[in-house]
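Novice: The structure that follows is given in the form of structure tokens.
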Amino acid sequence: MAYFKVGKINYEGPQSKNNLSFRYYNPNELVLGKPMKDHLKFAMSFWHTFTFMGRDPFGGDFFSRHWDNTEDAMEKAKERIHAAFEFMEKLQIEYFCFHDADIAPRDPDNLAETNRRLDEIVEVIKQEMKRTGIKCLWGTTNAFGDAKFVHGAGTSCNATVFAYTAAQIKKAMEITKELGGENYVFWGGREGYETLLNTDTAFELDNMARLLRMAVDYAKEIGFTGQLLIEPKPKEPTKHQYDFDTASVLAFLRKYNLQDHFKMNIEANHATLAMHTFQHELNMSRINGVLGSIDANTGDPNLGWDTDQFPTNIYDTTLAMYEVLLNGGLGKGGLNFDAKVRRASFEDEDLFYGYIAGMDAFARGLKVAAKLLEDRVFEDFKEERYASYREGIGKDIVEGKVGFKELEAYALKNNVTKNKSGRQEMLENILNQYIIETE
Ligand code: XUL
Ligand code: CO
């Protein structure tokens, strides 16, 4: 049965007037010798696509999806799975991401029943995966929505909530493994604080580390070989989220000796909430060897909260893909559209426009980034910019041959050489030229 009137979305090229086609995403086109689809590994987010119903701070759910018509919650969950796979097939999306709570209705007071429902739905997903060849990029648990998580999950002041959280993660990890998930994500939904007047931050962080250590151990025990990922976010829902940004997460992991077990899932809108650019977070992850995966979305600079919009800004997607290419790809990771259509885009068809926009923006960004790298535009500039460290005193500094005394002796004898311009405006203009001119 077809859930969507829209047919398969095909690549038609930049000249196409058909808004239900890809203008830039051409899955099998080779970029730097690799098909676009392997560079990008697009994934559909179950929650924003199939359980987001248009809610915002001033209005409740109102989207009406005809596959949601049935009253029975489990039947509805199954219909959604079928609709989701049809949606992915039509958009040529080869991966999906999910929270446990997205795929099966929970019984918040009965863990055994919740787990039973999950198992039933996982069977349906497995059948659909087999039918379509679509794969699981990552799974996670929703340890923030229920009332029990009011003070957090792993960082809750209530030890029984910690226990419940561990049980939820255990199950979510098991089903992610069952579905062949290539990664498992930890987003600390309410792991943070509202006020320091009632919060023992040292104790809460110790507990967070205890929980993650247990997760590492359990993954090993069940033979889950997917990559564990932490998704930094600075605020929302709490005033301060512990996983503020890549740098904070790295400091935390290194303090608790967990750094070998986790990489980052970088979300664009979370980066900007932390007053960083998307590229900054990708760059910090890359240079520290922890760039794992991406939640591809964007915020609105005029709003300043986590709006989770579909990414359409080619400038941002170019610089993001530039970091990804410099990283040698994302390995097990991919590009998950943690993005939702706006409340006013309430028709089924709008889901397609959202994904097409995001996929085209990243495909275009990939091609521009590849060209920039091929031409070594920034690489050559940077090489020249740091040239003074490849000879003379600079070389001695890098090679650890000198200390303060030797450098003082050098400075007493030699004048500082003339500084050169950083040429920021020139580089920005070249970047624009590449964005506009790249074929
Ligand atoms: C919340 C967010 C989550 C995570 C998964 O801001 O990004 O959807 O990606 O829990
Ligand atoms: Co996210």
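Residue numbering restarts at 1 in every chain; chains get A, B, ... in the order shown in the structure tokens, and ligands count up from 1 in that same order.
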Find the residues around range 280-293 of chain A up to 10 Å (only C-alpha atoms counted), leave out those fewer than 3 positions away in its own chain, and share them as an NGL selection string.
Specialist: :A and (41 or 137-138 or 183 or 185 or 227-232 or 245-247 or 250 or 259-268 or 270-272 or 274-277 or 296 or 319-324 or 326-336)
Novice: I need the strand (DSSP E) residues of range 131-210 of chain A per DSSP on the backbone, written as a list in words.
Specialist: Lys135, Cys136, Leu137, Trp138, Gly139, Thr140, Asn183, Tyr184, Val185, Phe186, Gly192 and Tyr193 of chain A
Novice: If you keep N, CA, C and O atoms, can you produce a file of those selected residues as a compact mmCIF listing (two decimals), in the first residue's frame?
Specialist:
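Just written: result_20.txt:
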# COMPACT_ATOMS: atom_id res chain seq x y z
N LYS A 135 19.34 0.57 6.02
CA LYS A 135 20.10 0.19 7.22
C LYS A 135 19.91 1.19 8.37
O LYS A 135 19.40 2.28 8.16
N CYS A 136 20.37 0.74 9.53
CA CYS A 136 20.24 1.60 10.71
C CYS A 136 21.55 2.33 10.96
O CYS A 136 22.58 1.70 11.16
N LEU A 137 21.50 3.66 10.93
CA LEU A 137 22.74 4.43 11.22
C LEU A 137 22.98 4.47 12.71
O LEU A 137 24.09 4.21 13.16
N TRP A 138 21.95 4.81 13.48
CA TRP A 138 22.11 4.75 14.94
C TRP A 138 20.79 4.67 15.67
O TRP A 138 19.74 5.06 15.17
N GLY A 139 20.91 4.14 16.88
CA GLY A 139 19.78 4.11 17.79
C GLY A 139 20.15 4.86 19.06
O GLY A 139 21.32 5.13 19.32
N THR A 140 19.14 5.20 19.83
CA THR A 140 19.37 5.87 21.11
C THR A 140 18.15 5.65 21.99
O THR A 140 17.15 5.07 21.56
N ASN A 183 26.04 2.75 14.88
CA ASN A 183 26.45 3.62 15.97
C ASN A 183 25.36 3.59 17.04
O ASN A 183 24.22 3.21 16.77
N TYR A 184 25.74 4.03 18.23
CA TYR A 184 24.75 4.24 19.30
C TYR A 184 25.01 5.63 19.88
O TYR A 184 26.16 5.96 20.23
N VAL A 185 23.95 6.43 19.98
CA VAL A 185 24.12 7.83 20.39
C VAL A 185 23.67 8.09 21.82
O VAL A 185 22.65 7.57 22.26
N PHE A 186 24.46 8.91 22.52
CA PHE A 186 24.05 9.43 23.82
C PHE A 186 23.84 10.93 23.67
O PHE A 186 24.81 11.66 23.43
N GLY A 192 22.06 18.06 33.01
CA GLY A 192 22.56 19.42 33.20
C GLY A 192 21.89 19.98 34.43
O GLY A 192 21.40 19.22 35.26
N TYR A 193 21.89 21.30 34.56
CA TYR A 193 21.24 21.85 35.76
C TYR A 193 20.53 23.16 35.45
O TYR A 193 20.81 23.83 34.46
Novice: Go ahead and compute the interatomic distance for atom 3 (C, counted along the ligand's line) of ligand 1 and CA of Lys235 in chain A, in Å to one decimal.
Specialist: 12.1 Å
Novice: Determine the nearest neighbour of Phe381 in chain A from the options A:Gln424, A:Asn69, A:Thr176, A:Asn26, counting only C-alpha atoms.
Specialist: A:Gln424
Novice: May I have all residues of range 31-150 of chain A that DSSP, computed from the backbone, assigns to alpha helix (DSSP H), given as a PyMOL selection string?
Specialist: chain A and resi 36-40+46+73-91+100-103+111-132
Novice: Can I get the selection written as a compact mmCIF listing (two decimals), in the first residue's frame, with N, CA and C atoms?
Specialist:
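Writing done, so here's again_31.txt:
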# COMPACT_ATOMS: atom_id res chain seq x y z
N MET A 36 28.62 9.76 -4.37
CA MET A 36 28.06 10.77 -3.45
C MET A 36 27.36 10.15 -2.25
N LYS A 37 26.61 9.08 -2.52
CA LYS A 37 25.81 8.51 -1.43
C LYS A 37 26.70 7.95 -0.32
N ASP A 38 27.92 7.53 -0.67
CA ASP A 38 28.84 7.01 0.36
C ASP A 38 29.55 8.12 1.13
N HIS A 39 29.73 9.26 0.46
CA HIS A 39 30.27 10.42 1.16
C HIS A 39 29.26 10.91 2.19
N LEU A 40 27.99 10.86 1.80
CA LEU A 40 26.97 11.58 2.57
C LEU A 40 26.20 10.68 3.55
N PHE A 46 13.62 9.31 12.72
CA PHE A 46 12.25 8.82 12.93
C PHE A 46 11.38 9.85 13.65
N ALA A 73 -2.52 1.95 19.54
CA ALA A 73 -1.19 2.55 19.53
C ALA A 73 -0.16 1.66 18.83
N MET A 74 -0.26 0.35 19.02
CA MET A 74 0.71 -0.54 18.37
C MET A 74 0.47 -0.61 16.86
N GLU A 75 -0.80 -0.62 16.47
CA GLU A 75 -1.11 -0.63 15.03
C GLU A 75 -0.57 0.64 14.38
N LYS A 76 -0.78 1.75 15.09
CA LYS A 76 -0.30 3.03 14.59
C LYS A 76 1.23 2.98 14.42
N ALA A 77 1.90 2.43 15.43
CA ALA A 77 3.37 2.35 15.38
C ALA A 77 3.82 1.54 14.16
N LYS A 78 3.10 0.46 13.89
CA LYS A 78 3.48 -0.38 12.74
C LYS A 78 3.23 0.34 11.41
N GLU A 79 2.08 1.03 11.34
CA GLU A 79 1.79 1.79 10.11
C GLU A 79 2.90 2.82 9.86
N ARG A 80 3.34 3.44 10.94
CA ARG A 80 4.39 4.45 10.80
C ARG A 80 5.69 3.83 10.25
N ILE A 81 5.99 2.64 10.70
CA ILE A 81 7.21 1.97 10.20
C ILE A 81 7.08 1.75 8.69
N HIS A 82 5.93 1.24 8.27
CA HIS A 82 5.75 0.99 6.83
C HIS A 82 5.82 2.31 6.05
N ALA A 83 5.17 3.33 6.58
CA ALA A 83 5.19 4.63 5.89
C ALA A 83 6.63 5.16 5.83
N ALA A 84 7.36 4.98 6.93
CA ALA A 84 8.73 5.50 6.97
C ALA A 84 9.62 4.82 5.93
N PHE A 85 9.46 3.53 5.77
CA PHE A 85 10.30 2.84 4.78
C PHE A 85 9.91 3.24 3.36
N GLU A 86 8.62 3.43 3.12
CA GLU A 86 8.22 3.91 1.79
C GLU A 86 8.83 5.29 1.53
N PHE A 87 8.79 6.12 2.57
CA PHE A 87 9.34 7.47 2.48
C PHE A 87 10.83 7.43 2.13
N MET A 88 11.57 6.61 2.86
CA MET A 88 13.02 6.51 2.61
C MET A 88 13.31 5.96 1.22
N GLU A 89 12.54 4.94 0.84
CA GLU A 89 12.76 4.38 -0.50
C GLU A 89 12.56 5.45 -1.56
N LYS A 90 11.48 6.21 -1.40
CA LYS A 90 11.16 7.22 -2.42
C LYS A 90 12.21 8.31 -2.48
N LEU A 91 12.84 8.59 -1.34
CA LEU A 91 13.85 9.65 -1.30
C LEU A 91 15.28 9.10 -1.50
N ASP A 100 14.20 4.75 21.01
CA ASP A 100 13.25 3.69 21.37
C ASP A 100 11.81 4.21 21.41
N ALA A 101 11.65 5.39 22.02
CA ALA A 101 10.30 5.93 22.20
C ALA A 101 9.63 6.35 20.90
N ASP A 102 10.41 6.52 19.82
CA ASP A 102 9.80 6.91 18.54
C ASP A 102 9.11 5.73 17.88
N ILE A 103 9.69 4.57 18.07
CA ILE A 103 9.22 3.45 17.24
C ILE A 103 8.09 2.67 17.90
N LEU A 111 8.28 -1.37 32.56
CA LEU A 111 9.43 -1.53 31.66
C LEU A 111 9.32 -2.82 30.85
N ALA A 112 8.85 -3.88 31.49
CA ALA A 112 8.76 -5.17 30.78
C ALA A 112 7.81 -5.05 29.59
N GLU A 113 6.69 -4.36 29.80
CA GLU A 113 5.72 -4.20 28.72
C GLU A 113 6.31 -3.30 27.62
N THR A 114 6.99 -2.26 28.03
CA THR A 114 7.63 -1.38 27.03
C THR A 114 8.62 -2.19 26.18
N ASN A 115 9.40 -3.02 26.85
CA ASN A 115 10.39 -3.82 26.12
C ASN A 115 9.73 -4.83 25.18
N ARG A 116 8.61 -5.39 25.63
CA ARG A 116 7.88 -6.34 24.79
C ARG A 116 7.39 -5.64 23.52
N ARG A 117 6.86 -4.44 23.69
CA ARG A 117 6.38 -3.68 22.53
C ARG A 117 7.53 -3.36 21.57
N LEU A 118 8.65 -3.00 22.15
CA LEU A 118 9.82 -2.71 21.30
C LEU A 118 10.18 -3.94 20.46
N ASP A 119 10.21 -5.09 21.11
CA ASP A 119 10.56 -6.31 20.37
C ASP A 119 9.60 -6.55 19.22
N GLU A 120 8.32 -6.32 19.47
CA GLU A 120 7.32 -6.55 18.42
C GLU A 120 7.55 -5.61 17.23
N ILE A 121 7.86 -4.36 17.53
CA ILE A 121 8.08 -3.39 16.44
C ILE A 121 9.41 -3.66 15.73
N VAL A 122 10.41 -4.06 16.50
CA VAL A 122 11.72 -4.34 15.89
C VAL A 122 11.58 -5.42 14.82
N GLU A 123 10.71 -6.38 15.05
CA GLU A 123 10.48 -7.42 14.04
C GLU A 123 9.95 -6.81 12.75
N VAL A 124 9.04 -5.86 12.88
CA VAL A 124 8.48 -5.20 11.69
C VAL A 124 9.57 -4.41 10.97
N ILE A 125 10.39 -3.73 11.75
CA ILE A 125 11.48 -2.95 11.14
C ILE A 125 12.44 -3.89 10.40
N LYS A 126 12.74 -5.01 11.02
CA LYS A 126 13.67 -5.96 10.39
C LYS A 126 13.13 -6.45 9.05
N GLN A 127 11.84 -6.72 9.02
CA GLN A 127 11.25 -7.16 7.74
C GLN A 127 11.39 -6.07 6.68
N GLU A 128 11.11 -4.84 7.09
CA GLU A 128 11.22 -3.73 6.13
C GLU A 128 12.67 -3.51 5.69
N MET A 129 13.59 -3.70 6.62
CA MET A 129 15.01 -3.54 6.26
C MET A 129 15.41 -4.60 5.24
N LYS A 130 14.90 -5.79 5.46
CA LYS A 130 15.21 -6.89 4.55
C LYS A 130 14.62 -6.63 3.16
N ARG A 131 13.40 -6.12 3.16
CA ARG A 131 12.70 -5.85 1.89
C ARG A 131 13.40 -4.76 1.10
N THR A 132 13.90 -3.73 1.80
CA THR A 132 14.40 -2.54 1.10
C THR A 132 15.91 -2.42 1.06
Novice: Give me, as a Markdown table, each residue of chain A that comes within 8 Å of ligand 1, together with its shortest interatomic pair and the distance in Å at one decimal, counting only C-alpha atoms and all ligand atoms, with rows ordered by chain and rising residue number.
Specialist:
| residue | atom | partner | partner_atom_place_in_ligand_line | distance |
| --- | --- | --- | --- | --- |
| A:Trp47 | CA | ligand 1 | 8 (O) | 7.6 |
| A:Phe98 | CA | ligand 1 | 5 (C) | 8.0 |
| A:His99 | CA | ligand 1 | 10 (O) | 6.7 |
| A:Thr140 | CA | ligand 1 | 10 (O) | 6.5 |
| A:Thr141 | CA | ligand 1 | 10 (O) | 7.0 |
| A:Asn142 | CA | ligand 1 | 10 (O) | 6.4 |
| A:Val185 | CA | ligand 1 | 5 (C) | 7.0 |
| A:Phe186 | CA | ligand 1 | 10 (O) | 6.9 |
| A:Trp187 | CA | ligand 1 | 10 (O) | 4.8 |
| A:Gly188 | CA | ligand 1 | 10 (O) | 7.5 |
| A:Gly189 | CA | ligand 1 | 10 (O) | 6.8 |
| A:Glu231 | CA | ligand 1 | 9 (O) | 6.8 |
| A:Lys233 | CA | ligand 1 | 6 (O) | 7.0 |
| A:Glu236 | CA | ligand 1 | 6 (O) | 7.3 |
| A:Glu267 | CA | ligand 1 | 7 (O) | 6.7 |
| A:His270 | CA | ligand 1 | 6 (O) | 7.1 |
| A:Asp295 | CA | ligand 1 | 9 (O) | 6.6 |
| A:Asp306 | CA | ligand 1 | 6 (O) | 6.7 |
| A:Asp308 | CA | ligand 1 | 6 (O) | 7.8 |
| A:Asp338 | CA | ligand 1 | 9 (O) | 6.2 |
Novice: Compare A:Glu94, A:Thr307, A:Ser345, A:Ile435 by their minimum atom-to-atom distance to ligand 2, counting only C-alpha atoms and all ligand atoms, and give me the closest one.
Specialist: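 Between A:Glu94, A:Thr307, A:Ser345, A:Ile435, the residue approaching ligand 2 most closely is A:Thr307.
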Novice: Taking only C-alpha atoms and all ligand atoms into account, which of A:Phe337, A:Tyr3, A:Phe224, A:Phe404 comes nearest ligand 2?
Specialist: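 Nearest to ligand 2: A:Phe337.
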Novice: Can you tell me how far CA of Ala387 in chain A sits from CA of Leu32 in chain A, in Å to one decimal?
Specialist: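 A separation of 28.1 Å between them.
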Novice: Skip Gly223 in chain A itself and residues of its chain fewer than 5 positions away, then list as an NGL selection string all residues within 12 Å of it, counting only C-alpha atoms.
Specialist: :A and (173-174 or 176-178 or 180 or 215-218)
Novice: Would you mind telling me which residue in A:Ile294, A:Leu351, A:Met44, A:Met359 lies nearest to ligand 2 when using only C-alpha atoms and all ligand atoms?
Specialist: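 Answer, going by the shortest atom-to-atom distance: A:Ile294.
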Novice: Quote the spacing between CA of Phe58 in chain A and CA of Asp146 in chain A in Å to one decimal place.
Specialist: 20.4 Å
